[in-house]
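Heads up, model_34.txt below (compact mmCIF, C-alpha atoms and all ligand atoms):
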```txt
# COMPACT_ATOMS: atom_id res chain seq x y z
CA MET P 1148 -56.55 260.20 -65.40
CA LEU P 1149 -59.19 261.24 -67.88
CA ALA P 1150 -59.88 260.66 -71.52
CA ILE P 1151 -60.78 264.02 -72.99
CA ALA P 1152 -61.97 264.95 -76.47
CA GLY P 1153 -59.13 266.67 -78.29
CA SER P 1154 -59.44 269.09 -81.20
CA ALA P 1155 -60.97 266.91 -83.88
CA GLN P 1156 -60.54 263.29 -82.87
CA GLU P 1157 -60.72 261.66 -79.47
CA THR P 1158 -57.28 261.28 -77.93
CA ARG P 1159 -56.27 259.87 -74.60
CA VAL P 1160 -53.56 260.55 -72.07
CA ILE P 1161 -53.15 256.77 -71.66
CA PRO P 1162 -51.49 255.37 -74.80
CA PRO P 1163 -52.82 252.22 -76.49
CA ALA P 1164 -51.15 248.89 -75.65
CA ASP P 1165 -48.68 247.53 -78.21
CA PRO P 1166 -49.71 243.88 -78.84
CA GLN P 1167 -46.07 242.76 -79.23
CA ILE P 1168 -45.10 244.30 -75.91
CA ALA P 1169 -48.19 242.79 -74.29
CA ALA P 1170 -47.16 239.34 -75.59
CA ALA P 1171 -43.61 239.76 -74.26
CA LEU P 1172 -44.91 240.69 -70.81
CA GLN P 1173 -46.65 237.30 -70.67
CA GLN P 1174 -43.20 235.69 -70.82
CA VAL P 1175 -42.12 237.23 -67.50
CA SER P 1176 -41.88 234.24 -65.18
CA ALA P 1177 -42.24 234.14 -61.39
CA SER P 1178 -40.47 230.77 -61.29
CA ARG P 1179 -37.48 232.13 -63.26
CA ILE P 1180 -37.32 235.00 -60.78
CA GLN P 1181 -37.46 232.52 -57.90
CA GLN P 1182 -34.57 230.51 -59.41
CA THR P 1183 -32.53 233.70 -59.81
CA ILE P 1184 -33.07 234.80 -56.23
CA GLU P 1185 -32.36 231.34 -54.79
CA LYS P 1186 -29.15 231.21 -56.82
CA LEU P 1187 -28.08 234.66 -55.57
CA VAL P 1188 -28.78 233.60 -51.98
CA SER P 1189 -26.69 230.44 -52.50
CA PHE P 1190 -23.50 232.52 -52.62
CA GLY P 1191 -23.77 232.94 -48.84
CA THR P 1192 -22.87 236.59 -48.71
CA ARG P 1193 -22.70 239.15 -51.50
CA SER P 1194 -21.09 241.80 -49.34
CA THR P 1195 -19.07 244.15 -51.54
CA LEU P 1196 -16.17 243.47 -49.15
CA SER P 1197 -16.50 239.66 -49.41
CA ALA P 1198 -14.27 237.26 -51.33
CA GLN P 1199 -13.66 237.58 -55.07
CA ASP P 1200 -10.50 235.49 -55.43
CA PRO P 1201 -10.52 232.60 -57.96
CA ALA P 1202 -10.82 229.90 -55.26
CA SER P 1203 -13.90 231.55 -53.72
CA ILE P 1204 -15.42 232.05 -57.15
CA ALA P 1205 -14.83 228.36 -57.91
CA ALA P 1206 -16.36 227.43 -54.55
CA GLY P 1207 -19.45 229.55 -55.30
CA HIS P 1208 -19.03 231.82 -52.33
CA GLY P 1209 -18.99 235.62 -52.05
CA ILE P 1210 -19.54 238.59 -54.31
CA GLY P 1211 -17.05 237.43 -56.93
CA ALA P 1212 -18.98 234.21 -57.52
CA SER P 1213 -22.30 236.07 -57.72
CA ARG P 1214 -20.84 238.55 -60.21
CA GLU P 1215 -19.56 235.73 -62.45
CA TRP P 1216 -22.93 233.99 -62.31
CA ILE P 1217 -24.84 237.17 -63.28
CA LYS P 1218 -22.47 237.62 -66.20
CA SER P 1219 -23.02 234.02 -67.31
CA GLU P 1220 -26.80 234.51 -67.12
CA PHE P 1221 -26.65 237.55 -69.41
CA GLU P 1222 -24.44 235.48 -71.74
CA ASN P 1223 -27.03 232.66 -71.73
CA TYR P 1224 -29.79 235.09 -72.71
CA SER P 1225 -27.56 236.48 -75.43
CA ARG P 1226 -26.88 233.01 -76.86
CA ALA P 1227 -30.64 232.42 -76.97
CA CYS P 1228 -31.15 235.54 -79.11
CA GLY P 1229 -28.25 234.96 -81.50
CA GLY P 1230 -25.80 237.18 -79.65
CA CYS P 1231 -28.16 240.17 -79.41
CA LEU P 1232 -26.76 241.32 -76.04
CA GLU P 1233 -23.36 242.88 -75.44
CA VAL P 1234 -22.38 241.64 -71.98
CA LYS P 1235 -20.00 244.00 -70.21
CA THR P 1236 -18.41 244.80 -66.88
CA ASP P 1237 -17.45 248.13 -65.35
CA THR P 1238 -14.67 247.47 -62.83
CA PHE P 1239 -12.87 250.02 -60.67
CA THR P 1240 -11.01 250.17 -57.39
CA LYS P 1241 -12.76 252.12 -54.68
CA PRO P 1242 -10.14 253.71 -52.40
CA ALA P 1243 -10.57 253.22 -48.65
CA ALA P 1244 -13.51 255.27 -47.38
CA ASP P 1245 -16.24 255.21 -44.79
CA ARG P 1246 -17.53 251.57 -44.84
CA VAL P 1247 -14.67 250.57 -47.19
CA PRO P 1248 -11.79 249.65 -44.83
CA GLN P 1249 -9.30 248.96 -47.64
CA PRO P 1250 -9.14 249.64 -51.39
CA THR P 1251 -11.75 247.34 -52.91
CA GLU P 1252 -12.47 246.27 -56.45
CA ILE P 1253 -16.12 246.89 -57.37
CA THR P 1254 -17.68 245.48 -60.55
CA ASN P 1255 -20.95 246.44 -62.22
CA VAL P 1256 -22.27 243.86 -64.69
CA TYR P 1257 -24.54 244.87 -67.55
CA ALA P 1258 -25.98 243.82 -70.89
CA VAL P 1259 -26.72 246.15 -73.78
CA LEU P 1260 -29.57 245.48 -76.21
CA ARG P 1261 -28.43 247.86 -78.94
CA GLY P 1262 -31.14 249.84 -80.75
CA THR P 1263 -31.80 248.86 -84.37
CA ASP P 1264 -32.38 252.39 -85.70
CA PRO P 1265 -29.07 254.19 -86.27
CA LYS P 1266 -30.71 257.53 -85.41
CA SER P 1267 -32.29 256.18 -82.22
CA ALA P 1268 -29.63 253.79 -80.96
CA ASN P 1269 -27.87 256.54 -78.98
CA ARG P 1270 -31.02 256.89 -76.86
CA ILE P 1271 -30.75 254.70 -73.77
CA VAL P 1272 -33.24 253.44 -71.22
CA LEU P 1273 -31.88 251.48 -68.30
CA VAL P 1274 -33.04 249.15 -65.52
CA THR P 1275 -30.88 248.45 -62.48
CA GLY P 1276 -30.75 246.59 -59.18
CA HIS P 1277 -27.88 246.11 -56.73
CA TYR P 1278 -26.52 242.59 -56.37
CA ASP P 1279 -24.48 243.27 -53.23
CA SER P 1280 -26.03 242.41 -49.85
CA ARG P 1281 -25.32 242.88 -46.15
CA ASN P 1282 -26.30 241.53 -42.74
CA SER P 1283 -26.51 243.34 -39.36
CA ASP P 1284 -22.86 244.35 -39.60
CA ASN P 1285 -21.97 246.15 -42.82
CA SER P 1286 -18.32 245.13 -42.44
CA ASN P 1287 -19.07 241.41 -41.89
CA VAL P 1288 -17.91 239.43 -44.93
CA THR P 1289 -18.33 235.83 -43.79
CA ASP P 1290 -21.74 235.26 -42.17
CA PRO P 1291 -24.83 234.78 -44.33
CA ALA P 1292 -26.24 237.91 -45.96
CA PRO P 1293 -28.92 236.34 -48.16
CA GLY P 1294 -30.31 239.59 -49.57
CA ALA P 1295 -33.29 237.89 -51.19
CA ASN P 1296 -35.33 241.10 -51.16
CA ASP P 1297 -32.54 243.67 -50.73
CA ASP P 1298 -31.68 243.48 -53.46
CA GLY P 1299 -31.96 240.01 -54.97
CA SER P 1300 -35.42 241.14 -56.05
CA GLY P 1301 -34.14 244.14 -58.03
CA THR P 1302 -31.29 242.10 -59.52
CA ALA P 1303 -33.83 239.47 -60.61
CA VAL P 1304 -35.99 242.20 -62.20
CA SER P 1305 -33.03 243.43 -64.26
CA LEU P 1306 -32.15 239.88 -65.35
CA GLU P 1307 -35.74 238.91 -66.15
CA CYS P 1308 -36.25 242.08 -68.22
CA ALA P 1309 -33.09 241.14 -70.15
CA ARG P 1310 -34.29 237.58 -70.74
CA VAL P 1311 -37.74 238.64 -71.96
CA LEU P 1312 -36.96 241.83 -73.90
CA SER P 1313 -33.94 240.31 -75.69
CA THR P 1314 -36.50 238.33 -77.75
CA MET P 1315 -37.60 241.66 -79.29
CA LYS P 1316 -35.96 244.44 -81.30
CA PHE P 1317 -36.31 248.14 -80.51
CA PRO P 1318 -35.20 251.32 -82.28
CA GLY P 1319 -33.66 252.63 -79.03
CA THR P 1320 -31.11 250.95 -76.75
CA ILE P 1321 -31.90 249.18 -73.47
CA ILE P 1322 -29.29 248.53 -70.78
CA PHE P 1323 -29.85 245.87 -68.12
CA LEU P 1324 -27.59 246.75 -65.21
CA THR P 1325 -26.66 245.19 -61.87
CA VAL P 1326 -24.41 247.18 -59.57
CA ALA P 1327 -22.39 246.49 -56.41
CA GLY P 1328 -21.20 248.77 -53.62
CA GLU P 1329 -24.72 250.03 -52.85
CA GLU P 1330 -24.65 249.13 -49.17
CA GLN P 1331 -21.21 250.74 -48.83
CA GLY P 1332 -22.50 254.06 -50.22
CA LEU P 1333 -23.97 253.77 -53.77
CA TYR P 1334 -20.43 253.37 -55.11
CA GLY P 1335 -21.20 251.10 -58.07
CA SER P 1336 -24.02 253.24 -59.45
CA GLU P 1337 -22.02 256.40 -58.78
CA HIS P 1338 -19.17 255.10 -60.93
CA PHE P 1339 -21.50 253.91 -63.69
CA ALA P 1340 -23.50 257.16 -63.84
CA GLN P 1341 -20.31 259.25 -63.86
CA MET P 1342 -18.95 257.11 -66.69
CA ALA P 1343 -22.21 257.58 -68.62
CA LYS P 1344 -22.07 261.34 -68.10
CA SER P 1345 -18.40 261.69 -69.03
CA GLU P 1346 -18.86 259.57 -72.16
CA GLY P 1347 -21.92 261.61 -73.20
CA TRP P 1348 -24.46 258.78 -73.00
CA ASN P 1349 -28.02 259.91 -73.67
CA ILE P 1350 -29.84 258.10 -70.85
CA GLU P 1351 -33.51 259.10 -71.09
CA ALA P 1352 -34.64 257.00 -68.13
CA ALA P 1353 -33.16 254.89 -65.33
CA LEU P 1354 -35.40 252.54 -63.33
CA ASN P 1355 -33.88 251.48 -60.03
CA ASN P 1356 -35.53 248.47 -58.40
CA ASP P 1357 -34.51 248.10 -54.78
CA ILE P 1358 -36.57 246.01 -52.32
CA VAL P 1359 -39.34 244.99 -54.72
CA GLY P 1360 -39.84 241.57 -53.11
CA GLY P 1361 -43.32 242.19 -51.71
CA ASP P 1362 -42.34 240.93 -48.25
CA ARG P 1363 -45.09 238.65 -46.94
CA SER P 1364 -45.71 240.68 -43.77
CA PRO P 1365 -49.38 240.98 -42.79
CA ARG P 1366 -49.87 244.59 -43.83
CA GLN P 1367 -48.18 244.32 -47.21
CA ASN P 1368 -50.13 245.65 -50.20
CA THR P 1369 -49.20 243.60 -53.25
CA SER P 1370 -51.53 245.56 -55.53
CA VAL P 1371 -49.15 248.55 -55.63
CA VAL P 1372 -45.47 249.33 -56.11
CA ARG P 1373 -44.09 252.64 -54.90
CA VAL P 1374 -42.33 254.83 -57.47
CA PHE P 1375 -40.18 257.50 -55.84
CA SER P 1376 -39.13 260.52 -57.92
CA GLU P 1377 -37.31 263.72 -57.09
CA GLY P 1378 -39.20 267.04 -57.37
CA VAL P 1379 -36.57 269.77 -57.49
CA PRO P 1380 -33.62 268.09 -59.27
CA VAL P 1381 -30.60 267.41 -57.07
CA ASP P 1382 -28.36 268.81 -59.85
CA ALA P 1383 -30.36 272.05 -60.33
CA ASN P 1384 -28.18 275.18 -60.56
CA ASP P 1385 -29.18 278.67 -59.37
CA ALA P 1386 -30.82 279.61 -62.68
CA ASP P 1387 -32.80 276.35 -62.66
CA LEU P 1388 -33.95 277.01 -59.10
CA ARG P 1389 -35.07 280.57 -59.98
CA ARG P 1390 -37.09 279.28 -62.95
CA ILE P 1391 -38.63 276.48 -60.87
CA ARG P 1392 -39.67 278.96 -58.17
CA ASN P 1393 -41.09 281.47 -60.67
CA LEU P 1394 -43.05 278.98 -62.76
CA GLY P 1395 -44.21 276.50 -60.12
CA GLY P 1396 -42.02 273.79 -61.58
CA GLU P 1397 -41.40 271.90 -58.34
CA SER P 1398 -43.26 268.82 -59.58
CA ASP P 1399 -41.96 268.67 -63.15
CA SER P 1400 -38.42 267.33 -63.02
CA THR P 1401 -37.60 264.86 -65.79
CA SER P 1402 -37.64 262.15 -63.11
CA ARG P 1403 -41.20 263.14 -62.13
CA GLU P 1404 -42.27 262.98 -65.80
CA LEU P 1405 -40.73 259.51 -65.95
CA ALA P 1406 -42.74 258.48 -62.86
CA ARG P 1407 -45.96 259.68 -64.54
CA TYR P 1408 -44.97 257.81 -67.71
CA ILE P 1409 -44.59 254.59 -65.69
CA ALA P 1410 -48.07 255.07 -64.20
CA GLU P 1411 -49.61 255.69 -67.63
CA THR P 1412 -47.80 252.70 -69.16
CA ALA P 1413 -49.04 250.44 -66.35
CA GLU P 1414 -52.60 251.51 -67.21
CA SER P 1415 -52.08 250.50 -70.84
CA TYR P 1416 -51.24 246.91 -69.90
CA ASP P 1417 -52.70 244.38 -67.50
CA LEU P 1418 -49.81 244.18 -65.04
CA GLY P 1419 -51.28 243.01 -61.75
CA VAL P 1420 -49.67 245.83 -59.82
CA LYS P 1421 -50.28 249.58 -59.94
CA PRO P 1422 -47.57 252.21 -59.55
CA MET P 1423 -48.14 254.38 -56.48
CA LEU P 1424 -46.37 257.66 -57.19
CA ILE P 1425 -44.48 259.04 -54.20
CA PHE P 1426 -43.39 262.62 -54.81
CA ARG P 1427 -40.15 262.36 -52.86
CA LEU P 1428 -36.55 261.50 -53.82
CA ASP P 1429 -36.58 258.29 -51.79
CA ARG P 1430 -37.92 256.98 -48.51
CA TYR P 1431 -37.60 259.40 -45.59
CA LEU P 1432 -33.89 260.23 -45.08
CA ARG P 1433 -32.84 257.14 -47.03
CA GLY P 1434 -31.29 256.66 -50.44
CA GLY P 1435 -30.67 254.36 -53.40
CA ASP P 1436 -28.91 253.97 -56.73
CA HIS P 1437 -31.31 256.19 -58.72
CA ILE P 1438 -29.83 259.16 -56.84
CA SER P 1439 -26.44 258.48 -58.48
CA PHE P 1440 -28.15 258.98 -61.86
CA ASN P 1441 -30.08 262.06 -60.65
CA GLU P 1442 -26.79 263.61 -59.53
CA GLN P 1443 -25.47 263.33 -63.10
CA GLY P 1444 -28.63 264.97 -64.48
CA PHE P 1445 -30.42 261.81 -65.68
CA ALA P 1446 -34.12 261.08 -65.13
CA ALA P 1447 -34.24 258.24 -62.62
CA VAL P 1448 -36.74 256.77 -60.17
CA ARG P 1449 -36.84 254.11 -57.48
CA LEU P 1450 -39.36 251.28 -57.37
CA SER P 1451 -39.94 249.68 -53.97
CA GLU P 1452 -42.54 247.46 -52.32
CA PHE P 1453 -45.38 249.17 -50.42
CA ARG P 1454 -44.31 248.16 -46.91
CA GLU P 1455 -40.84 247.12 -45.82
CA ASP P 1456 -40.30 244.63 -43.01
CA TYR P 1457 -37.18 245.73 -41.13
CA HIS P 1458 -36.82 242.32 -39.52
CA HIS P 1459 -35.98 241.06 -42.99
CA GLN P 1460 -33.37 243.55 -44.18
CA HIS P 1461 -29.84 244.32 -42.96
CA GLN P 1462 -30.24 241.58 -40.32
CA ASN P 1463 -28.27 238.51 -39.31
CA VAL P 1464 -30.29 235.36 -39.95
CA ARG P 1465 -31.57 234.29 -36.52
CA THR P 1466 -34.65 233.77 -34.37
CA GLU P 1467 -35.03 235.96 -31.30
CA ASP P 1468 -38.04 236.03 -28.97
CA GLY P 1469 -39.96 234.08 -31.58
CA VAL P 1470 -39.20 236.62 -34.33
CA GLU P 1471 -37.42 235.40 -37.46
CA TYR P 1472 -34.81 237.83 -38.74
CA GLY P 1473 -32.97 237.81 -42.05
CA ASP P 1474 -33.56 238.56 -45.73
CA LEU P 1475 -34.57 235.04 -46.78
CA PRO P 1476 -36.31 233.85 -49.96
CA LYS P 1477 -39.26 232.50 -47.96
CA PHE P 1478 -40.29 236.04 -47.04
CA VAL P 1479 -40.54 237.34 -50.60
CA ASN P 1480 -43.42 236.98 -53.03
CA PHE P 1481 -42.22 235.82 -56.46
CA ASP P 1482 -45.54 236.54 -58.19
CA TYR P 1483 -45.33 240.11 -56.95
CA ILE P 1484 -41.75 240.52 -58.19
CA ALA P 1485 -42.88 239.21 -61.59
CA ASN P 1486 -45.57 241.89 -61.67
CA VAL P 1487 -43.01 244.57 -60.81
CA ALA P 1488 -40.76 243.17 -63.56
CA ARG P 1489 -43.70 243.63 -65.98
CA VAL P 1490 -44.03 247.29 -64.96
CA ASN P 1491 -40.33 247.72 -65.73
CA ALA P 1492 -40.42 245.74 -68.98
CA ALA P 1493 -43.51 247.60 -70.22
CA THR P 1494 -41.86 250.95 -69.51
CA LEU P 1495 -38.50 249.99 -71.04
CA ALA P 1496 -40.15 248.54 -74.15
CA SER P 1497 -42.46 251.55 -74.58
CA LEU P 1498 -39.65 254.06 -74.24
CA ALA P 1499 -37.26 252.10 -76.49
CA SER P 1500 -40.04 251.90 -79.11
CA ALA P 1501 -41.03 255.56 -78.83
CA PRO P 1502 -39.60 258.42 -80.84
CA ALA P 1503 -37.16 260.80 -79.18
CA PRO P 1504 -38.97 263.55 -77.26
CA PRO P 1505 -39.50 266.82 -79.12
CA ALA P 1506 -36.62 269.32 -78.76
CA GLN P 1507 -36.58 273.02 -77.80
CA VAL P 1508 -40.13 273.00 -76.41
CA ARG P 1509 -41.16 276.60 -75.72
CA LEU P 1510 -44.19 278.44 -74.40
CA VAL P 1511 -44.56 281.76 -76.22
CA THR P 1512 -44.81 284.72 -73.86
CA LYS P 1513 -44.22 287.70 -76.20
CA LYS P 1514 -47.53 289.32 -75.21
CA LEU P 1515 -50.16 288.89 -72.53
CA GLU P 1516 -53.00 286.68 -73.80
CA ASN P 1517 -55.33 284.03 -72.47
CA ASP P 1518 -54.54 281.42 -75.12
CA SER P 1519 -51.27 279.52 -74.91
CA THR P 1520 -49.01 278.94 -77.91
CA LEU P 1521 -46.38 276.23 -77.74
CA THR P 1522 -43.60 275.60 -80.24
CA TRP P 1523 -41.04 272.82 -80.58
CA GLU P 1524 -38.57 271.20 -82.93
CA ARG P 1525 -39.22 267.77 -84.37
CA SER P 1526 -37.87 264.76 -82.50
CA PRO P 1527 -34.21 264.54 -83.52
CA ASP P 1528 -34.36 260.85 -84.46
CA GLY P 1529 -36.95 261.55 -87.17
CA ARG P 1530 -39.31 258.83 -85.93
CA ALA P 1531 -42.21 260.99 -84.72
CA THR P 1532 -45.24 261.20 -87.00
CA SER P 1533 -47.25 263.51 -84.74
CA TYR P 1534 -47.18 265.40 -81.48
CA GLU P 1535 -49.55 265.91 -78.57
CA VAL P 1536 -49.92 268.63 -75.96
CA LEU P 1537 -50.68 267.50 -72.43
CA TRP P 1538 -51.88 269.69 -69.61
CA ARG P 1539 -53.08 269.45 -66.05
CA ALA P 1540 -54.20 271.79 -63.28
CA THR P 1541 -51.23 273.11 -61.30
CA SER P 1542 -52.60 271.27 -58.26
CA SER P 1543 -53.01 267.94 -60.08
CA ALA P 1544 -50.52 265.13 -59.76
CA GLU P 1545 -50.94 263.54 -63.19
CA TRP P 1546 -51.60 264.64 -66.77
CA GLU P 1547 -55.34 265.16 -67.29
CA HIS P 1548 -55.88 266.49 -70.81
CA VAL P 1549 -54.40 265.92 -74.23
CA GLN P 1550 -54.79 267.65 -77.56
CA ALA P 1551 -53.45 266.27 -80.82
CA ALA P 1552 -51.18 268.64 -82.74
CA GLY P 1553 -50.77 266.56 -85.89
CA ASN P 1554 -47.35 266.83 -87.47
CA ALA P 1555 -47.13 270.56 -86.74
CA THR P 1556 -44.42 272.10 -84.56
CA THR P 1557 -46.69 274.68 -82.99
CA ILE P 1558 -50.14 274.73 -81.46
CA THR P 1559 -52.36 277.27 -79.75
CA VAL P 1560 -54.45 275.84 -76.92
CA ASP P 1561 -57.51 277.57 -75.50
CA GLN P 1562 -56.13 277.41 -71.96
CA SER P 1563 -54.36 280.08 -69.94
CA LYS P 1564 -50.72 279.27 -69.20
CA ASP P 1565 -51.33 280.88 -65.81
CA ASN P 1566 -53.73 278.13 -64.79
CA VAL P 1567 -52.19 274.90 -66.03
CA ILE P 1568 -48.90 273.08 -66.65
CA PHE P 1569 -48.22 272.04 -70.25
CA ALA P 1570 -45.97 269.45 -71.87
CA VAL P 1571 -45.44 268.16 -75.40
CA ARG P 1572 -44.79 264.54 -76.36
CA ALA P 1573 -43.98 262.81 -79.65
CA VAL P 1574 -45.96 259.92 -81.17
CA ASP P 1575 -44.77 257.38 -83.76
CA LYS P 1576 -46.86 255.70 -86.44
CA SER P 1577 -47.78 252.81 -84.12
CA GLY P 1578 -48.85 255.04 -81.24
CA HIS P 1579 -45.78 254.80 -78.98
CA ARG P 1580 -45.42 257.97 -76.91
CA SER P 1581 -42.17 259.67 -75.89
CA LEU P 1582 -41.54 261.15 -72.49
CA PRO P 1583 -43.28 264.53 -72.26
CA VAL P 1584 -41.23 267.73 -72.22
CA VAL P 1585 -42.35 270.73 -70.18
CA PRO P 1586 -41.77 274.00 -72.10
CA THR P 1587 -39.46 276.79 -71.07
CA PRO P 1588 -40.64 280.38 -71.67
CA GLU P 1589 -39.90 281.93 -75.07
CA ARG P 1590 -39.69 285.72 -74.79
ZN ZN K 1601 -31.04 247.99 -51.23
```

Taking this structure as input, can you express it in the form of structure tokens?
Ligand SMILES: [Zn+2]
Amino acid sequence: MLAIAGSAQETRVIPPADPQIAAALQQVSASRIQQTIEKLVSFGTRSTLSAQDPASIAAGHGIGASREWIKSEFENYSRACGGCLEVKTDTFTKPAADRVPQPTEITNVYAVLRGTDPKSANRIVLVTGHYDSRNSDNSNVTDPAPGANDDGSGTAVSLECARVLSTMKFPGTIIFLTVAGEEQGLYGSEHFAQMAKSEGWNIEAALNNDIVGGDRSPRQNTSVVRVFSEGVPVDANDADLRRIRNLGGESDSTSRELARYIAETAESYDLGVKPMLIFRLDRYLRGGDHISFNEQGFAAVRLSEFREDYHHQHQNVRTEDGVEYGDLPKFVNFDYIANVARVNAATLASLASAPAPPAQVRLVTKKLENDSTLTWERSPDGRATSYEVLWRATSSAEWEHVQAAGNATTITVDQSKDNVIFAVRAVDKSGHRSLPVVPTPER
């Protein structure tokens, strides 16, 4: 991405680092993440179908015990910040279904760091991982299913973000979520996202971390983390699809803008790992919890390690022909997970600090002309002090150019709308940037 001279002053696509966020990122601890993952593994199995009766919880075995421990961790973090987190559960009974042989209680556990600005607190950014695990047999509820990487790593990222970010205050709200039922069919995240939609939650971004352990296989690349984002939204209706086809909008879903935002944020801070944007919903013919949020119309992406080792996921723990199978802590890289946690924490903190995105962003098309005029309404939370127009070539993956618009709500850019893709983002007085919004045509 380039730094380009704007109208009067030099502006950059990559926002400046916020020193307070940078200091918080230093608190992310690989050894805390290791402790979390080893604790999760100690429950034996975290199969969604495994035990959750009081005796098993007391014995520290099964998904019920792991759920109670996660809840107690969030409560510990909350005590350390004077009760700043609201620790909650979302429990429901999943009727019998494929991979759910009998009605099963599923519980999502989450902590809410409520925004401090009354006008911004309804804006939510969210991080999630699934705490359920499985072995070779998805219906086996007794043999070990350590799930250190899948998805102890993502669960640990959510917990570590809660521990570190709960020491700060943000205008917007952050939710730290851990879900169950993923291996049975994304049931926990499906229920949570449906609840959010039906209750009118304004989730601006959901970061799903699933298999971010940096498995120590020889061809792993610990300098990158993959960020998967949908192109054409899964919830697009016929009118949306027509507009996307007509305007070349296949790479500008809100989830794709979130993916670009993560890449830009990672450039602002020294994170030790670089987002590698994958322009695809998820890995080839596979899925994850971000899709549950996409289906409800929320921007959501999946973070995953560069190279998965299939000997170490969805496998019974065993050695066969000299090959060690099983999702054990010794195969994951805690320093790498800490770096991925920093990518998440930097993104969550930046978005929760940023103003709301501008509203009603339009590209004026009343007459044929080679300049492009954009209009918008001020960010509804009143926290923006200025706005910026971004653009890139239609064939470019990431935003390339930026022009400052001051505190105006319209700008004319000396670029043909036929040749580029535009977006507008809001900026607050400290330089935090909102997610960019791609205009719709104004006739
Ligand atoms: Zn998983």

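What separates atom CA of Asp1482 of chain P from atom CA of Ala1177 of chain P is a distance of 5.2 Å.
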
* Nearby residues, ligand ZN 1601 (chain K), 6 Å, all atoms listed in the file, as a list of chain:residue names ->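 For ligand ZN 1601 (chain K), the residues inside 6 Å are P:Asp1297, P:Asp1298, P:Asp1357, P:Ile1358.
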
* Distance in Å - atom CA of Asn1282 of chain P versus atom CA of Arg1427 of chain P -> 27.0 Å

* With a distance cut-off of 7 Å and only C-alpha atoms, select the neighbouring residues of segment 1319-1322 of chain P, excluding the residue or stretch itself and same-chain residues fewer than 2 positions from it, and output the selection as a PyMOL selection string. => chain P and resi 1257-1264+1267-1274+1317+1324+1499-1500

* **Surrounding residues of Asp1200 of chain P excluding itself and chain neighbours under 4 positions, 9 Å, only C-alpha atoms, as a list of chain:residue names** =>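 My reading of the contact set: P:Ile1204, P:Ala1205, P:Gly1211, P:Ala1212.
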
* **Residues within 10 Å of Gly1332 of chain P, all atoms listed in the file, excluding chain neighbours under 5 positions, as a ChimeraX atom specification** => /P:1244-1247,1327,1337,1434-1436

* Mind listing whatever residues come within 9 Å of the point (-45.0, 243.7, -51.2)? Use only C-alpha atoms, file coordinates, and give them as an MDAnalysis selection string. => chainID P and resid 1358:1364 1366:1372 1451:1455 1479:1480 1483:1484
